[in-house]
$ cat target_11.cif   # mmCIF, C-alpha atoms
data_entry
loop_
_atom_site.label_atom_id
_atom_site.label_comp_id
_atom_site.auth_asym_id
_atom_site.auth_seq_id
_atom_site.Cartn_x
_atom_site.Cartn_y
_atom_site.Cartn_z
CA MET P 1 0.00 0.00 0.00
CA VAL P 2 1.27 3.47 -0.86
CA THR P 3 2.08 5.83 2.00
CA SER P 4 1.65 9.13 0.16
CA SER P 5 -0.90 10.49 -2.29
CA THR P 6 1.93 12.06 -4.32
CA LEU P 7 2.90 10.11 -7.42
CA PRO P 8 6.53 9.11 -7.96
CA THR P 9 8.18 10.85 -10.87
CA ALA P 10 11.10 10.04 -13.11
CA PRO P 11 14.04 12.47 -12.97
CA GLY P 12 13.45 15.35 -15.37
CA ARG P 13 16.93 14.98 -16.81
CA THR P 14 16.25 11.33 -17.64
CA VAL P 15 12.98 12.19 -19.37
CA ARG P 16 14.59 14.95 -21.44
CA ILE P 17 17.56 12.84 -22.49
CA SER P 18 15.37 9.90 -23.48
CA ALA P 19 13.16 12.21 -25.56
CA VAL P 20 16.08 13.80 -27.40
CA VAL P 21 17.81 10.48 -28.06
CA ALA P 22 14.60 8.86 -29.36
CA ALA P 23 13.71 11.85 -31.56
CA CYS P 24 17.21 12.01 -33.07
CA ALA P 25 17.23 8.25 -33.69
CA ALA P 26 13.84 8.44 -35.41
CA PHE P 27 14.95 11.39 -37.54
CA LEU P 28 18.11 9.62 -38.66
CA LEU P 29 16.26 6.37 -39.34
CA LEU P 30 13.80 8.14 -41.65
CA GLN P 31 16.42 10.23 -43.41
CA ALA P 32 19.19 7.67 -43.83
CA GLY P 33 19.30 6.23 -47.33
CA SER P 34 16.19 8.12 -48.42
CA GLY P 35 17.82 8.80 -51.79
CA HIS P 36 18.68 5.18 -52.52
CA THR P 37 16.05 4.78 -55.25
CA PRO P 38 14.69 7.32 -57.75
CA SER P 39 11.17 7.23 -56.28
CA SER P 40 12.51 7.56 -52.76
CA ARG P 41 14.81 10.40 -53.82
CA SER P 42 11.92 12.26 -55.42
CA PHE P 43 9.76 11.74 -52.32
CA ALA P 44 12.51 12.90 -49.94
CA ALA P 45 13.03 16.09 -51.95
CA LEU P 46 9.53 17.34 -51.12
CA PRO P 47 9.13 19.99 -48.38
CA ALA P 48 6.15 17.97 -47.13
CA PHE P 49 8.49 15.03 -46.56
CA ASP P 50 10.70 17.13 -44.28
CA THR P 51 7.63 18.32 -42.39
CA TRP P 52 6.47 14.76 -41.88
CA VAL P 53 9.92 13.53 -40.77
CA TRP P 54 10.20 16.28 -38.18
CA ALA P 55 6.66 15.64 -36.95
CA TYR P 56 7.23 11.88 -36.72
CA ALA P 57 10.55 12.32 -34.91
CA ALA P 58 8.91 14.71 -32.45
CA GLU P 59 6.09 12.22 -31.87
CA VAL P 60 8.52 9.39 -31.19
CA GLY P 61 10.51 11.57 -28.78
CA ALA P 62 7.37 12.70 -26.97
CA THR P 63 6.06 9.15 -26.65
CA VAL P 64 9.35 7.89 -25.22
CA ALA P 65 9.42 10.82 -22.78
CA ILE P 66 5.85 10.13 -21.68
CA GLY P 67 6.54 6.43 -21.24
CA THR P 68 9.64 7.19 -19.19
CA ALA P 69 7.74 9.66 -17.01
CA THR P 70 4.88 7.23 -16.28
CA LEU P 71 7.15 4.25 -15.61
CA PRO P 72 7.66 4.93 -11.84
CA VAL P 73 3.88 4.99 -11.25
CA PHE P 74 3.44 1.86 -13.31
CA ARG P 75 6.24 0.16 -11.35
CA VAL P 76 4.44 0.76 -8.02
CA LEU P 77 1.27 -0.87 -9.32
CA ALA P 78 3.25 -3.70 -10.90
CA GLU P 79 4.94 -4.50 -7.58
CA GLN P 80 1.56 -4.65 -5.88
CA ALA P 81 -0.05 -6.78 -8.58
CA GLY P 82 2.81 -9.24 -9.02
CA LEU P 83 4.72 -10.40 -12.07
CA ARG P 84 2.01 -12.67 -13.46
CA THR P 85 -0.76 -10.05 -13.43
CA THR P 86 1.54 -7.33 -14.72
CA THR P 87 2.70 -9.52 -17.59
CA LEU P 88 -0.91 -10.30 -18.45
CA MET P 89 -1.87 -6.60 -18.53
CA GLY P 90 1.16 -5.71 -20.66
CA SER P 91 0.45 -8.60 -23.01
CA ALA P 92 -3.09 -7.28 -23.46
CA TRP P 93 -1.70 -4.09 -25.02
CA LEU P 94 0.69 -5.99 -27.25
CA ALA P 95 -2.12 -8.32 -28.33
CA PHE P 96 -4.30 -5.30 -29.07
CA GLY P 97 -1.51 -3.93 -31.25
CA VAL P 98 -1.34 -7.18 -33.23
CA LEU P 99 -5.11 -7.18 -33.72
CA ILE P 100 -5.03 -3.58 -34.93
CA ALA P 101 -2.16 -4.32 -37.31
CA VAL P 102 -3.80 -7.43 -38.77
CA PHE P 103 -7.54 -6.79 -38.61
CA GLY P 104 -7.94 -3.14 -37.61
CA PRO P 105 -8.47 -0.10 -39.81
CA ARG P 106 -5.44 1.27 -41.59
CA ALA P 107 -4.97 5.01 -41.50
CA LEU P 108 -3.00 4.83 -44.76
CA ASP P 109 -3.03 1.82 -47.03
CA GLU P 110 -0.93 3.26 -49.85
CA ASP P 111 2.62 1.98 -50.44
CA ASN P 112 5.19 4.45 -49.17
CA PRO P 113 7.80 5.49 -51.76
CA LEU P 114 10.47 5.83 -49.07
CA TRP P 115 13.14 3.15 -49.51
CA LEU P 116 12.54 0.37 -46.94
CA GLY P 117 9.70 2.47 -45.61
CA THR P 118 7.80 -0.49 -44.17
CA ALA P 119 10.78 -1.74 -42.20
CA ARG P 120 11.46 1.74 -40.84
CA PHE P 121 7.87 2.15 -39.72
CA LEU P 122 7.81 -1.24 -38.04
CA ILE P 123 10.87 -0.33 -35.97
CA LEU P 124 9.54 3.07 -34.92
CA ASN P 125 6.01 1.81 -34.29
CA ALA P 126 7.35 -1.04 -32.15
CA LEU P 127 9.37 1.47 -30.13
CA THR P 128 6.43 3.77 -29.51
CA TRP P 129 4.12 0.84 -28.77
CA VAL P 130 6.47 -0.35 -26.04
CA PHE P 131 6.56 3.08 -24.40
CA ILE P 132 2.76 3.42 -24.50
CA THR P 133 2.42 0.13 -22.63
CA PRO P 134 2.87 1.60 -19.10
CA SER P 135 -0.09 3.96 -19.52
CA PHE P 136 -2.42 1.34 -21.04
CA ALA P 137 -1.42 -1.48 -18.69
CA GLY P 138 -1.34 0.97 -15.78
CA LEU P 139 -5.04 1.74 -16.15
CA LEU P 140 -5.77 -1.99 -16.14
CA LEU P 141 -3.62 -2.46 -13.03
CA VAL P 142 -5.53 0.34 -11.32
CA GLN P 143 -8.69 -1.71 -11.77
CA VAL P 144 -6.95 -4.77 -10.36
CA ARG P 145 -5.82 -2.82 -7.31
CA GLN P 146 -9.30 -1.38 -6.75
CA SER P 147 -10.76 -4.88 -6.77
CA GLU P 148 -8.36 -5.76 -3.97
CA LEU P 149 -9.27 -2.62 -2.01
CA ALA P 150 -12.95 -3.56 -2.11
CA GLU P 151 -12.16 -6.45 0.23
CA ASP P 152 -10.19 -4.23 2.64
CA ILE P 153 -12.73 -1.47 3.25
CA ALA P 154 -14.83 -3.18 5.92
CA SER P 155 -11.85 -4.43 7.94
CA ALA P 156 -10.06 -1.07 7.67
CA VAL P 157 -13.09 0.78 9.04
CA ASP P 158 -13.61 -1.76 11.84
CA ASP P 159 -9.95 -1.49 12.85
CA GLY P 160 -9.96 2.30 12.71
CA LYS P 161 -7.34 2.32 9.94
CA ALA P 162 -9.20 3.96 7.07
CA GLY P 163 -6.58 6.70 6.75
CA PRO P 164 -4.11 4.69 4.62
CA LEU P 165 -7.02 3.57 2.46
CA ILE P 166 -8.00 7.19 1.78
CA VAL P 167 -4.40 8.02 0.89
CA GLU P 168 -4.27 5.18 -1.60
CA LEU P 169 -7.57 6.17 -3.19
CA LEU P 170 -6.19 9.66 -3.73
CA TRP P 171 -3.05 8.12 -5.22
CA LEU P 172 -5.04 5.88 -7.56
CA ARG P 173 -7.11 8.82 -8.82
CA ALA P 174 -3.96 10.78 -9.64
CA ALA P 175 -2.46 7.69 -11.31
CA MET P 176 -5.54 7.24 -13.51
CA ARG P 177 -5.33 10.84 -14.68
CA ARG P 178 -1.65 10.56 -15.49
CA PHE P 179 -2.10 7.31 -17.40
CA LEU P 180 -5.04 8.68 -19.40
CA LEU P 181 -3.15 11.87 -20.26
CA ALA P 182 -0.08 9.90 -21.29
CA PHE P 183 -2.05 7.46 -23.42
CA ALA P 184 -4.12 10.16 -25.12
CA THR P 185 -1.11 12.38 -25.79
CA ALA P 186 0.97 9.58 -27.31
CA ILE P 187 -1.85 8.30 -29.53
CA THR P 188 -2.87 11.78 -30.61
CA GLY P 189 0.72 12.59 -31.56
CA GLY P 190 0.86 9.44 -33.65
CA VAL P 191 -2.36 10.30 -35.47
CA LEU P 192 -1.07 13.81 -36.22
CA ALA P 193 2.15 12.31 -37.60
CA LEU P 194 0.05 10.08 -39.87
CA GLY P 195 -1.69 13.20 -41.09
CA GLY P 196 1.72 14.60 -41.98
CA LEU P 197 2.51 11.45 -43.94
CA ARG P 198 -0.79 11.71 -45.78
CA GLY P 199 0.04 15.27 -46.77
CA ALA P 200 3.47 14.18 -48.02
CA LEU P 201 1.96 11.38 -50.08
CA LEU P 202 -0.57 13.76 -51.60
CA ALA P 203 2.25 16.15 -52.45
CA ASN P 204 4.04 13.25 -54.12
CA GLY P 205 1.20 12.89 -56.58
CA ILE P 206 -0.93 10.14 -55.04
CA PRO P 207 -4.63 10.84 -55.74
CA ALA P 208 -6.69 11.92 -52.74
CA ASP P 209 -9.19 9.15 -53.52
CA ASP P 210 -6.48 6.61 -52.71
CA LEU P 211 -5.98 8.23 -49.28
CA PRO P 212 -9.52 8.80 -48.00
CA VAL P 213 -9.89 10.96 -44.93
CA LEU P 214 -12.34 8.43 -43.48
CA ARG P 215 -9.48 5.99 -42.86
CA LEU P 216 -7.69 8.51 -40.70
CA LEU P 217 -10.86 9.35 -38.79
CA THR P 218 -11.69 5.68 -38.26
CA TYR P 219 -8.18 5.02 -37.00
CA GLY P 220 -8.48 7.82 -34.44
CA GLY P 221 -11.96 6.65 -33.52
CA VAL P 222 -10.74 3.14 -32.67
CA PHE P 223 -8.24 4.51 -30.16
CA THR P 224 -10.85 6.88 -28.75
CA VAL P 225 -13.09 3.91 -28.02
CA THR P 226 -10.08 2.09 -26.55
CA ALA P 227 -9.32 5.00 -24.21
CA ALA P 228 -12.94 5.09 -23.08
CA LEU P 229 -13.06 1.33 -22.47
CA ILE P 230 -10.02 1.33 -20.21
CA PHE P 231 -10.53 4.64 -18.38
CA VAL P 232 -14.27 4.84 -17.74
CA PRO P 233 -14.57 1.46 -15.93
CA ALA P 234 -11.51 2.29 -13.83
CA TYR P 235 -12.94 5.66 -12.80
CA ILE P 236 -16.40 4.24 -12.06
CA ALA P 237 -14.83 1.52 -9.91
CA TRP P 238 -12.84 4.18 -8.07
CA GLN P 239 -16.00 6.16 -7.31
CA GLU P 240 -17.70 3.01 -6.04
CA ARG P 241 -14.82 2.38 -3.61
CA VAL P 242 -14.97 5.97 -2.39
CA PHE P 243 -18.71 5.87 -1.79
CA THR P 244 -18.50 2.48 -0.11
CA LEU P 245 -15.83 3.79 2.25
CA ARG P 246 -17.83 6.94 2.94
CA ASP P 247 -20.96 4.94 3.76
CA ALA P 248 -18.94 2.68 6.04
CA LEU P 249 -17.40 5.62 7.90
CA HIS P 250 -20.60 7.68 8.04
CA PRO P 251 -23.55 5.27 7.77
CA ILE P 252 -27.12 6.45 7.60
CA PRO P 253 -28.52 6.66 11.15
CA GLU P 254 -30.82 3.83 12.14
CA ASN P 255 -33.61 6.28 12.93
CA GLY P 256 -33.37 7.69 9.42
CA ARG P 257 -32.87 11.22 10.73
CA PRO P 258 -29.37 12.39 9.87
CA THR P 259 -28.04 15.34 11.81
CA SER P 260 -26.24 18.39 10.49
CA ASP P 261 -22.97 16.88 11.76
CA TRP P 262 -23.64 13.78 9.67
CA PHE P 263 -24.18 15.85 6.53
CA GLU P 264 -21.08 17.90 7.25
CA ALA P 265 -18.93 14.80 7.81
CA ARG P 266 -20.03 13.23 4.52
CA ASP P 267 -19.57 16.49 2.64
CA SER P 268 -16.07 16.86 4.07
CA PHE P 269 -15.24 13.31 3.01
CA ASP P 270 -16.48 13.96 -0.53
CA SER P 271 -14.46 17.17 -0.68
CA LEU P 272 -11.32 15.42 0.55
CA LEU P 273 -11.49 12.77 -2.13
CA ALA P 274 -13.05 15.04 -4.76
CA ALA P 275 -15.61 12.32 -5.33
CA ARG P 276 -18.30 14.58 -6.67
CA VAL P 277 -18.36 15.00 -10.40
CA SER P 278 -17.64 18.59 -11.41
CA ALA P 279 -17.68 20.27 -14.79
CA GLY P 280 -13.89 20.59 -14.74
CA ARG P 281 -13.33 16.89 -14.08
CA VAL P 282 -15.84 15.88 -16.72
CA LEU P 283 -14.19 18.14 -19.29
CA GLY P 284 -10.72 16.90 -18.36
CA ALA P 285 -11.68 13.25 -18.69
CA THR P 286 -13.62 13.92 -21.89
CA PHE P 287 -10.63 15.68 -23.41
CA GLY P 288 -8.36 12.76 -22.56
CA VAL P 289 -10.76 10.19 -24.00
CA LEU P 290 -11.65 12.12 -27.16
CA ALA P 291 -8.13 13.42 -27.88
CA PRO P 292 -7.25 10.67 -30.44
CA LEU P 293 -10.41 11.35 -32.45
CA ALA P 294 -9.86 15.11 -32.26
CA GLY P 295 -6.28 14.55 -33.39
CA SER P 296 -7.43 12.57 -36.40
CA VAL P 297 -9.82 15.38 -37.38
CA VAL P 298 -7.02 17.96 -37.11
CA ALA P 299 -4.63 15.70 -39.03
CA ALA P 300 -7.21 15.21 -41.79
CA LEU P 301 -7.79 18.95 -42.11
CA LEU P 302 -4.10 19.80 -42.15
CA SER P 303 -3.20 17.13 -44.71
CA THR P 304 -6.11 18.07 -46.96
CA SER P 305 -5.19 21.75 -46.94
CA ARG P 306 -1.75 21.11 -48.46
#
$ encode --input "target_11.cif" --output "structure tokens"
Amino acid sequence: MVTSSTLPTAPGRTVRISAVVAACAAFLLLQAGSGHTPSSRSFAALPAFDTWVWAYAAEVGATVAIGTATLPVFRVLAEQAGLRTTTLMGSAWLAFGVLIAVFGPRALDEDNPLWLGTARFLILNALTWVFITPSFAGLLLVQVRQSELAEDIASAVDDGKAGPLIVELLWLRAAMRRFLLAFATAITGGVLALGGLRGALLANGIPADDLPVLRLLTYGGVFTVTAALIFVPAYIAWQERVFTLRDALHPIPENGRPTSDWFEARDSFDSLLAARVSAGRVLGATFGVLAPLAGSVVAALLSTSR
């Protein structure tokens, strides 16, 4: 059980260095040998190609930085859950990636003229997928931990030790927000980079009908649904634990006539854990969930306007 509601953080210097190294590696990987074939040379000479390379390198760097920053929080949950459960949650994200690659919608289905473009993309996509894993698996581990807490509420209240439970609930709420923000930011950056690639392909002479905007929107929509499916159940479960603990600490009087002190105690508990849904929290969660879809819309507009 955690002893503080403050989340652990990775050293800022480590996050910055990992971002710069990953971005530079991605940039070099996309640029190296781009003039090896005539079609690749022609593609690499386009200004839109340079824009896409810079955008993709920035996205890779940002994703690696986000994954590095969320790793300490993920590690705490992993230690609590155990190796077997953690491996299962991580494998779920990798399996989801395989399903998307094989059966899912493709944002762009046109052959890339860049020499060895497919191999380059596989390497970079594998790298970013690995660094998104802590945020995706972390939200699943939060649900696992909350299932365990459900069994501890009654005994903690009876023993007069609800304080550590409250601290952990605050920690789990902060962890959920960080994981959602990390996941949404990484996926949205990837969708925007795909929009840059679409613009470069259009500039290279590929007809717009071969690169329909709907593919990009569908791709973003799939990850929006994914974000909702992993965050919303976790947050609902968290609220249920909070309300269960509140009812255990401040039960309804047997005579059915609660006093002003009873109302004040419950209100103070709700304020402490910020359990009540406010407009700000709804907007924040909605932004995190809908960010991939919004990113695909922006990417479609930017690539079409070229």
$ resolve_selection --input "target_11.cif" --expression "the PyMOL selection byres ((chain P and resi 46-53) around 8)" --output "PyMOL selection string"
chain P and resi 27+30-31+42-45+54-57+193+196-197+199-200+203-204
$ resolve_selection --input "target_11.cif" --expression "the PyMOL selection byres ((chain P and resi 142-153) around 8)" --output "list in words"
Leu77, Gln80, Ala81, Gly138, Leu139, Leu140, Leu141, Ala154, Ser155, Ala156, Val157, Ala162, Leu165, Leu172, Ala175, Met176, Pro233, Ala234, Ala237, Trp238, Arg241, Thr244, Leu245 and Ala248 of chain P
$ closest_residue --input "target_11.cif" --among "P:Leu170, P:Ile123, P:Leu7, P:Ala137" --to "Gln239 (chain P)" --atoms "only C-alpha atoms"
P:Leu170
$ closest_residue --input "target_11.cif" --among "P:Ser40, P:Ser91, P:Ser18, P:Asn112" --to "Thr68 (chain P)" --atoms "all atoms listed in the file"
P:Ser18
$ atom_distance --input "target_11.cif" --atom1 "CA of Thr128 (chain P)" --atom2 "CA of Ile187 (chain P)"
9.4 Å
$ residues_near_point --input "target_11.cif" --point "(4.2, 0.8, -30.2)" --cutoff "10 Å" --atoms "all atoms listed in the file" --output "list in words"
Val60, Thr63, Trp93, Leu94, Gly97, Leu122, Ile123, Leu124, Asn125, Ala126, Leu127, Thr128, Trp129, Val130, Phe131, Ile132, Thr133, Ala186, Ile187 and Gly190 of chain P
$ atom_distance --input "target_11.cif" --atom1 "CA of Ser39 (chain P)" --atom2 "CA of Trp115 (chain P)"
8.1 Å
$ atom_distance --input "target_11.cif" --atom1 "CA of Arg178 (chain P)" --atom2 "CA of Ile236 (chain P)"
16.4 Å
